[in-house]
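*Asks:* Before I ask anything, here is the structure I am working with.
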Amino acid sequence: MSRRRQINQILSFLAKTEVLVVKNKNMQKNFIEKLLSLRKQLKSRFSSLDMQNLDKIMSKLAHYHYDKKKFMVIGETKELYNFLIEKGYNPYTVYRWLLLERIPEDIKFQIKQKQLSQKKAISKTYRRKHETEETLGNSIKELGLNLIRRM
């Protein structure tokens with residue numbers, strides 16, 4: 001078993017242990033539930049829409065939403081944009097939800113517990129993907145110490 005895999009298993013164990021330690025905290029309706037609801041609406045309204053490439057389409061719509069002068073959206077993409085606006089969804093927020101869908105479970109848990117903002121969670125995921133063994137060891141050490149402090 002590789003060292004990286006062992007470290008990931010330790011991180012997973014620490015995250016599960018953290019779940020057991022934290023009790024009776026109110027959890028907001030999380031973004032995954034909202035995203036699943038939106039996906040159902042999109043499937044019923046836009047049957048020809050490719051759900052696998054939804055993040056690419058939403059990226060384009062998110063940038064269009066804030067800078068309409070530089071982009072032109074036509075056809076089904078324009079209909080999708082209008083649908084999102086009618087239903088009260090911000091295209092950039094939906095795009096962030098799609099990005100957050102890919103993050104590890106321990107970071108999702110921290111978002112649900114309001115320990116991390118969505119923006120910080122995305123940056124933490126990026127850092128984790130690009131960290132070395134030395135920095136990974138230090139982060140495991142910090143997680144363990146934080147867990148012990150909370151007990």
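Following the order of the structure tokens, first chain is A, next is B, and so on, with residues numbered from 1 inside each chain and ligands from 1 in the order they appear.
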Could you name the residues that touch Leu84 in chain A at 10 Å or less, counting only C-alpha atoms, but leaving out those on the same chain fewer than 4 positions away, as a VMD selection string?

*Replies:* chain A and resid 38 42 61 78 to 80 88 to 91 94

*Asks:* For range 70-109 of chain A against range 119-130 of chain A, with a cut-off of 7 Å and counting only C-alpha atoms, what is the closest atom pair and its distance in Å to one decimal for every residue that makes the cut, ordered by chain and number, as CSV?

*Replies:*
residue,atom,partner,partner_atom,distance
A:Leu100,CA,A:Ile122,CA,6.8
A:Ile103,CA,A:Thr125,CA,6.3
A:Ile107,CA,A:Ala121,CA,6.4

*Asks:* Since we have the selection now, will you write its residues out, keeping C-alpha atoms, as an mmCIF file, in the first residue's frame?

*Replies:*
data_model
loop_
_atom_site.group_PDB
_atom_site.id
_atom_site.type_symbol
_atom_site.label_atom_id
_atom_site.label_comp_id
_atom_site.auth_asym_id
_atom_site.auth_seq_id
_atom_site.Cartn_x
_atom_site.Cartn_y
_atom_site.Cartn_z
ATOM 1 C CA LEU A 100 -18.153 21.561 -4.422
ATOM 2 C CA ILE A 103 -14.581 17.779 -2.881
ATOM 3 C CA ILE A 107 -14.423 19.002 3.741
#

*Asks:* Give me the residues near Arg3 in chain A as a PyMOL selection string, where near means some atom within 12 Å (using only C-alpha atoms) and where sequence neighbours in that chain fewer than 6 positions away do not count.

*Replies:* chain A and resi 9-10+132-134+136-137

*Asks:* Skip range 50-54 of chain A itself and residues of its chain fewer than 4 positions away, then list as a PyMOL selection string all residues within 12 Å of it, counting only C-alpha atoms.

*Replies:* chain A and resi 35-36+38-44+46+58-62+76-77+80+91+94-99
